[in-house]
>>> print(open('input20.cif').read())   # mmCIF, C-alpha atoms
data_entry
loop_
_atom_site.label_atom_id
_atom_site.label_comp_id
_atom_site.auth_asym_id
_atom_site.auth_seq_id
_atom_site.Cartn_x
_atom_site.Cartn_y
_atom_site.Cartn_z
CA MET A 1 -33.78 -14.04 -5.82
CA PRO A 2 -32.43 -17.63 -5.53
CA LYS A 3 -32.54 -19.54 -2.26
CA LEU A 4 -29.60 -18.85 0.04
CA GLU A 5 -26.86 -21.48 0.23
CA TRP A 6 -24.10 -21.80 2.79
CA ASP A 7 -20.58 -23.19 2.53
CA ARG A 8 -20.60 -23.75 -1.20
CA VAL A 9 -17.39 -25.28 -2.55
CA GLY A 10 -14.78 -22.62 -3.20
CA GLU A 11 -16.55 -19.95 -1.13
CA ARG A 12 -15.05 -20.58 2.31
CA PHE A 13 -12.52 -17.78 2.36
CA TYR A 14 -10.03 -16.79 5.01
CA GLN A 15 -7.02 -14.47 5.39
CA THR A 16 -3.77 -15.51 6.94
CA GLY A 17 -0.12 -14.61 7.07
CA VAL A 18 1.83 -11.47 6.38
CA ASP A 19 4.73 -11.13 3.96
CA ARG A 20 6.49 -8.78 1.52
CA GLY A 21 6.85 -6.00 4.04
CA VAL A 22 8.52 -2.91 2.57
CA LEU A 23 9.67 0.23 4.40
CA TYR A 24 9.45 3.53 2.49
CA LEU A 25 11.35 6.46 3.94
CA LYS A 26 10.30 10.02 3.21
CA ASP A 27 13.60 10.76 1.46
CA GLY A 28 12.79 8.18 -1.24
CA ARG A 29 14.73 5.19 0.05
CA VAL A 30 12.93 1.84 -0.18
CA VAL A 31 14.00 -1.15 1.94
CA PRO A 32 12.57 -4.70 2.10
CA TRP A 33 11.59 -5.70 5.62
CA ASN A 34 12.97 -9.15 6.43
CA GLY A 35 11.82 -10.61 9.72
CA LEU A 36 8.33 -9.09 9.81
CA THR A 37 6.08 -11.37 11.90
CA GLY A 38 2.80 -9.54 12.42
CA LEU A 39 0.76 -6.42 11.83
CA GLU A 40 -2.42 -5.52 13.69
CA ASP A 41 -4.70 -2.93 12.13
CA GLY A 42 -7.42 -1.35 14.23
CA THR A 43 -9.28 1.85 15.02
CA ASN A 44 -10.80 3.42 18.10
CA PRO A 45 -14.40 4.22 17.08
CA GLU A 46 -16.73 6.01 19.49
CA LEU A 47 -20.27 4.74 20.12
CA LYS A 48 -22.90 7.18 21.27
CA SER A 49 -26.46 6.12 22.07
CA TYR A 50 -29.50 8.43 21.95
CA TYR A 51 -32.64 7.99 24.06
CA MET A 52 -36.13 9.44 24.00
CA ASP A 53 -38.57 8.90 26.86
CA GLY A 54 -36.23 6.30 28.29
CA VAL A 55 -36.12 4.24 25.07
CA LYS A 56 -33.06 3.92 22.89
CA ILE A 57 -33.78 5.29 19.44
CA LEU A 58 -30.35 5.44 17.82
CA ASP A 59 -26.79 4.15 18.05
CA HIS A 60 -24.30 6.39 16.26
CA VAL A 61 -20.75 5.21 15.66
CA THR A 62 -18.10 7.81 14.90
CA PRO A 63 -15.24 6.21 12.95
CA GLY A 64 -11.99 6.24 14.82
CA GLU A 65 -8.43 6.99 13.79
CA PHE A 66 -5.92 4.40 12.65
CA ALA A 67 -4.11 2.51 15.40
CA GLY A 68 -1.95 -0.53 14.77
CA LYS A 69 0.73 -2.80 16.11
CA LEU A 70 3.83 -4.00 14.27
CA SER A 71 6.00 -6.94 15.35
CA ALA A 72 9.18 -8.42 13.94
CA PHE A 73 12.17 -10.57 14.89
CA THR A 74 14.41 -7.99 13.25
CA TYR A 75 14.09 -4.80 11.26
CA PRO A 76 16.04 -2.85 8.62
CA ASP A 77 18.83 -0.59 9.84
CA GLU A 78 17.00 2.31 8.18
CA PHE A 79 14.09 1.81 10.59
CA ASN A 80 16.31 3.14 13.37
CA GLU A 81 16.11 6.57 11.75
CA VAL A 82 12.33 6.77 11.99
CA LEU A 83 12.41 5.50 15.58
CA GLY A 84 14.74 8.30 16.62
CA ASN A 85 17.87 6.14 17.06
CA ARG A 86 20.52 8.27 15.39
CA ASP A 87 23.85 6.89 14.17
CA ILE A 88 26.40 9.54 15.08
CA GLY A 89 29.38 7.75 13.55
CA SER A 90 31.54 4.61 13.72
CA GLY A 91 28.75 2.49 15.15
CA LEU A 92 27.89 4.92 17.93
CA VAL A 93 24.12 5.36 18.29
CA ALA A 94 22.24 8.02 20.24
CA TYR A 95 18.70 7.09 21.35
CA GLU A 96 15.61 9.19 22.16
CA GLN A 97 16.10 11.48 19.15
CA PRO A 98 13.16 13.00 17.18
CA ALA A 99 11.14 10.34 15.37
CA LYS A 100 10.21 10.53 11.68
CA SER A 101 7.16 9.38 9.73
CA PHE A 102 7.30 6.68 7.06
CA HIS A 103 5.15 4.56 4.75
CA LEU A 104 4.69 0.79 4.81
CA SER A 105 3.34 -1.86 2.46
CA TYR A 106 2.73 -5.55 3.12
CA ARG A 107 0.65 -8.48 1.88
CA THR A 108 -1.87 -10.76 3.54
CA LYS A 109 -2.67 -14.09 1.95
CA VAL A 110 -6.19 -15.16 0.98
CA GLY A 111 -7.19 -18.83 0.88
CA ASN A 112 -10.33 -20.90 0.52
CA ASP A 113 -11.40 -24.50 0.98
CA LEU A 114 -9.88 -25.48 -2.38
CA ASP A 115 -6.65 -23.48 -2.53
CA GLU A 116 -4.64 -22.03 0.34
CA ASN A 117 -2.90 -19.78 -2.20
CA TYR A 118 -6.13 -18.47 -3.74
CA GLY A 119 -4.86 -14.89 -3.74
CA TYR A 120 -3.56 -12.06 -1.62
CA LYS A 121 -4.16 -8.43 -0.68
CA VAL A 122 -1.59 -5.66 -0.95
CA HIS A 123 -1.93 -3.14 1.89
CA LEU A 124 -0.60 0.42 1.86
CA LEU A 125 -0.24 2.44 5.07
CA TYR A 126 0.43 6.17 4.74
CA ASN A 127 2.32 8.57 7.03
CA LEU A 128 2.97 6.24 9.96
CA VAL A 129 4.74 6.99 13.23
CA ALA A 130 6.06 4.07 15.30
CA THR A 131 6.41 4.08 19.09
CA PRO A 132 8.55 1.19 20.39
CA ASP A 133 7.18 -1.05 23.12
CA SER A 134 9.47 -2.05 25.99
CA GLN A 135 11.96 -4.75 25.05
CA LYS A 136 13.23 -7.43 27.42
CA PHE A 137 16.40 -9.44 26.88
CA GLU A 138 17.14 -12.51 28.99
CA THR A 139 20.20 -14.65 29.49
CA VAL A 140 20.64 -17.50 27.01
CA GLY A 141 19.47 -20.86 28.35
CA GLN A 142 19.51 -24.38 26.93
CA GLN A 143 16.81 -23.42 24.43
CA LEU A 144 17.48 -20.32 22.39
CA GLN A 145 14.48 -17.99 22.08
CA ALA A 146 14.50 -14.99 19.80
CA PRO A 147 12.42 -12.18 21.34
CA GLU A 148 10.14 -10.14 19.11
CA PHE A 149 10.36 -6.40 18.74
CA SER A 150 7.03 -4.56 18.67
CA TRP A 151 5.85 -1.04 17.97
CA SER A 152 2.57 0.82 18.31
CA LEU A 153 1.54 2.58 15.10
CA THR A 154 -0.42 5.73 14.44
CA GLY A 155 -0.90 7.50 11.14
CA THR A 156 -1.98 10.74 9.49
CA PRO A 157 -4.23 10.49 6.39
CA PRO A 158 -2.79 11.97 3.18
CA ILE A 159 -3.86 15.51 2.31
CA TYR A 160 -5.41 14.30 -0.92
CA ASN A 161 -8.37 12.04 -0.23
CA ILE A 162 -10.90 10.02 -2.20
CA ASP A 163 -14.17 11.79 -2.98
CA GLY A 164 -16.99 10.52 -0.81
CA VAL A 165 -14.61 8.57 1.43
CA ARG A 166 -13.50 9.61 4.89
CA PRO A 167 -9.75 10.40 5.09
CA THR A 168 -7.84 7.18 5.72
CA VAL A 169 -4.33 5.93 6.39
CA HIS A 170 -4.98 2.40 5.11
CA ILE A 171 -5.94 1.16 1.62
CA SER A 172 -5.65 -2.31 0.07
CA VAL A 173 -5.97 -4.03 -3.31
CA ASP A 174 -7.22 -7.59 -3.87
CA SER A 175 -5.36 -9.80 -6.34
CA ASN A 176 -8.71 -11.32 -7.32
CA GLY A 177 -10.21 -7.94 -8.19
CA PRO A 178 -11.65 -7.15 -11.63
CA ARG A 179 -8.38 -5.72 -13.03
CA PRO A 180 -5.33 -7.84 -12.10
CA ASP A 181 -3.25 -5.87 -14.62
CA LEU A 182 -3.71 -2.76 -12.51
CA LEU A 183 -2.49 -4.58 -9.40
CA THR A 184 0.56 -5.70 -11.38
CA ALA A 185 1.21 -2.07 -12.33
CA LEU A 186 0.92 -1.04 -8.67
CA GLU A 187 3.31 -3.80 -7.59
CA ASP A 188 5.82 -2.64 -10.22
CA ILE A 189 5.70 0.79 -8.57
CA LEU A 190 5.99 -0.59 -5.03
CA TYR A 191 8.62 -3.29 -5.67
CA GLY A 192 10.42 -1.97 -8.75
CA THR A 193 11.22 -3.57 -12.11
CA GLU A 194 14.34 -4.28 -14.14
CA SER A 195 14.15 -0.76 -15.53
CA ALA A 196 12.56 1.25 -12.68
CA ASP A 197 13.40 1.68 -8.99
CA PRO A 198 10.74 0.95 -6.36
CA ARG A 199 8.99 3.98 -4.91
CA TRP A 200 5.98 5.02 -2.84
CA PRO A 201 2.87 6.13 -4.80
CA SER A 202 0.74 9.05 -3.68
CA LEU A 203 -2.93 8.40 -3.04
CA LEU A 204 -3.73 10.51 -6.11
CA GLU A 205 -1.53 8.25 -8.24
CA VAL A 206 -3.31 5.15 -6.95
CA ARG A 207 -6.64 6.79 -7.81
CA LEU A 208 -5.39 7.51 -11.31
CA LEU A 209 -4.08 3.99 -11.76
CA PHE A 210 -7.34 2.34 -10.78
CA GLY A 211 -9.47 4.67 -12.88
CA GLU A 212 -11.13 6.49 -10.01
CA VAL A 213 -10.08 9.62 -11.88
CA GLY A 214 -8.88 9.69 -15.48
CA GLY A 215 -5.22 9.01 -16.10
CA LEU A 216 -2.95 7.27 -18.62
CA PHE A 217 -0.10 5.07 -17.36
CA ILE A 218 2.84 4.01 -19.50
CA LEU A 219 4.79 0.93 -18.39
CA ASP A 220 8.26 0.09 -19.72
CA ASN A 221 8.30 -3.70 -20.06
CA GLY A 222 12.10 -3.75 -20.06
CA ASP A 223 12.34 -5.66 -23.34
CA GLY A 224 12.02 -2.82 -25.84
CA THR A 225 8.22 -2.75 -25.61
CA TRP A 226 5.81 -0.68 -23.57
CA THR A 227 2.26 -1.01 -22.33
CA ALA A 228 -0.34 1.74 -21.98
CA LEU A 229 -2.95 1.41 -19.24
CA ASP A 230 -6.16 3.43 -19.51
CA PRO A 231 -8.37 2.18 -16.65
CA SER A 232 -10.80 5.13 -17.00
CA ASP A 233 -11.17 4.65 -20.81
CA ASP A 234 -10.45 8.32 -21.41
CA PHE A 235 -7.33 8.15 -23.60
CA ILE A 236 -7.14 5.02 -25.78
CA THR A 237 -9.50 4.27 -28.69
CA MET A 238 -9.29 1.02 -30.68
CA LEU A 239 -9.62 1.85 -34.38
CA ASP A 240 -9.67 -1.82 -35.36
CA ALA A 241 -8.53 -5.11 -33.88
CA ASP A 242 -4.82 -4.21 -34.25
CA THR A 243 -4.73 -0.40 -34.36
CA PHE A 244 -5.26 2.06 -31.55
CA GLU A 245 -5.13 5.79 -31.02
CA ILE A 246 -3.97 7.58 -27.87
CA ASP A 247 -5.36 11.06 -27.26
CA ASN A 248 -4.09 13.74 -24.87
CA ALA A 249 -0.96 11.79 -23.92
CA ASP A 250 2.16 13.47 -22.55
CA ALA A 251 4.59 12.95 -25.45
CA ASP A 252 7.82 14.69 -26.48
CA PHE A 253 9.48 14.33 -29.88
CA VAL A 254 13.19 13.50 -29.64
CA ASP A 255 14.17 13.91 -33.33
CA PRO A 256 13.07 17.36 -34.51
CA PRO A 257 12.41 18.43 -37.20
CA LEU A 258 11.52 14.93 -38.46
CA ASN A 259 9.23 14.28 -35.48
CA THR A 260 9.05 10.55 -36.07
CA THR A 261 10.39 9.40 -32.71
CA TYR A 262 8.97 10.41 -29.37
CA THR A 263 8.85 9.53 -25.71
CA ILE A 264 5.49 9.00 -24.04
CA SER A 265 4.90 9.21 -20.30
CA ASP A 266 2.18 9.10 -17.66
CA THR A 267 -0.31 11.93 -17.69
CA GLU A 268 0.38 14.36 -14.87
CA ILE A 269 -2.55 15.78 -12.94
CA PRO A 270 -1.60 18.41 -10.37
CA LEU A 271 -2.46 17.90 -6.73
CA PRO A 272 -5.49 20.10 -5.89
#
>>> encode(input="input20.cif", output="structure tokens")
Amino acid sequence: MPKLEWDRVGERFYQTGVDRGVLYLKDGRVVPWNGLTGLEDGTNPELKSYYMDGVKILDHVTPGEFAGKLSAFTYPDEFNEVLGNRDIGSGLVAYEQPAKSFHLSYRTKVGNDLDENYGYKVHLLYNLVATPDSQKFETVGQQLQAPEFSWSLTGTPPIYNIDGVRPTVHISVDSNGPRPDLLTALEDILYGTESADPRWPSLLEVRLLFGEVGGLFILDNGDGTWTALDPSDDFITMLDADTFEIDNADADFVDPPLNTTYTISDTEIPLP
């Protein structure tokens, strides 16, 4: 093992900032969140100490549940629905109505001592419920100040979880990970493309995409070409440098009986 070194050039990393907030409603609507200013992510773990003959022998920490805080100067009109502020027509709004759950994605920036734009992390938060904090409005003085809105967040982990991992509300992907093409594919799902609307991916779909379980993903590049992603190496075999074979793909011929033209799509694995 080589001698330890500290503060080597390019290895002083930090995270800062939050951007690209997106609100995903359970009915399929996707809305960019302009005005997002902060997001705190925390848990409430429980520490229990064990003693024998008056001497501590063990500290056991039970992981807590997700608890967060969201702040913004403004928020999408659609966010009113999940807060329980119901539009009952012609601009008339009724408050204190039943709240709804939603999903949220955002980015945090990663920098180092050489490049403040070294990379970023995409965060996905599942099944959130937001509780608004009290809001105070004051008369306008000589200096205009825009107050921030804030909400406390809780979440329920998805039913389908990752093997060997405790159920979680929060996952993230690093842009400097080993497969940037997979992050690009995930961003195309989250943000949309020229040929596909943005949508929220299930945790199972994220597992498939990153090869945690076997799955084939087909991406329409929007220019008459397509790309096949096989992160688990279960479907695509290179026969030579320019020829490949795809096994067990979901394909449908569109010109029977000639069967020379077909559509190919993502493999579908049912939710257990």
>>> atom_distance(input="input20.cif", atom1="CA of Leu128 in chain A", atom2="CA of Thr154 in chain A")
5.6 Å
>>> resolve_selection(input="input20.cif", expression="the PyMOL selection byres ((chain A and resi 119) around 7)", output="number ranges by chain")
A: 109-111, 117-118, 120, 175-176
>>> residues_around(input="input20.cif", residues="Asp197 in chain A", least_positions_apart="5", cutoff="10 Å", atoms="only C-alpha atoms", output="PyMOL selection string")
chain A and resi 29-30+188-192
>>> write_last_selection(input="input20.cif", atoms="C-alpha atoms", output="short mmCIF file (atom, residue, chain, number, x, y, z; two decimals), keeping the file's coordinate frame")
data_model
loop_
_atom_site.label_atom_id
_atom_site.label_comp_id
_atom_site.auth_asym_id
_atom_site.auth_seq_id
_atom_site.Cartn_x
_atom_site.Cartn_y
_atom_site.Cartn_z
CA ARG A 29 14.73 5.19 0.05
CA VAL A 30 12.93 1.84 -0.18
CA ASP A 188 5.82 -2.64 -10.22
CA ILE A 189 5.70 0.79 -8.57
CA LEU A 190 5.99 -0.59 -5.03
CA TYR A 191 8.62 -3.29 -5.67
CA GLY A 192 10.42 -1.97 -8.75
#
>>> residues_around(input="input20.cif", residues="His60 in chain A", least_positions_apart="6", cutoff="7 Å", atoms="all atoms listed in the file", output="ChimeraX atom specification")
/A:47-49
>>> closest_atom_pairs(input="input20.cif", of="range 45-123 of chain A", to="range 24-28 of chain A", cutoff="7 Å", atoms="only C-alpha atoms", output="CSV")
residue,atom,partner,partner_atom,distance
A:Phe102,CA,A:Leu25,CA,5.1
A:His103,CA,A:Tyr24,CA,5.0
A:Leu104,CA,A:Tyr24,CA,6.0
>>> residues_around(input="input20.cif", residues="Asp59 in chain A", least_positions_apart="2", cutoff="12 Å", atoms="only C-alpha atoms", output="JSON, numbers by chain")
{"A": [46, 47, 48, 49, 50, 51, 55, 56, 57, 61, 62]}
>>> write_last_selection(input="input20.cif", atoms="C-alpha atoms", output="PDB file, in the frame of the given file")
ATOM      1  CA  GLU A  46     -16.730   6.010  19.490  1.00  0.00           C
ATOM      2  CA  LEU A  47     -20.270   4.740  20.120  1.00  0.00           C
ATOM      3  CA  LYS A  48     -22.900   7.180  21.270  1.00  0.00           C
ATOM      4  CA  SER A  49     -26.460   6.120  22.070  1.00  0.00           C
ATOM      5  CA  TYR A  50     -29.500   8.430  21.950  1.00  0.00           C
ATOM      6  CA  TYR A  51     -32.640   7.990  24.060  1.00  0.00           C
ATOM      7  CA  VAL A  55     -36.120   4.240  25.070  1.00  0.00           C
ATOM      8  CA  LYS A  56     -33.060   3.920  22.890  1.00  0.00           C
ATOM      9  CA  ILE A  57     -33.780   5.290  19.440  1.00  0.00           C
ATOM     10  CA  VAL A  61     -20.750   5.210  15.660  1.00  0.00           C
ATOM     11  CA  THR A  62     -18.100   7.810  14.900  1.00  0.00           C
TER      12      THR A  62
END
>>> closest_residue(input="input20.cif", among="A:Thr237, A:Ala228, A:Gly35, A:Val122", to="Phe149 in chain A", atoms="only C-alpha atoms")
A:Gly35
>>> atom_distance(input="input20.cif", atom1="CA of Asn34 in chain A", atom2="CA of Leu204 in chain A")
28.7 Å
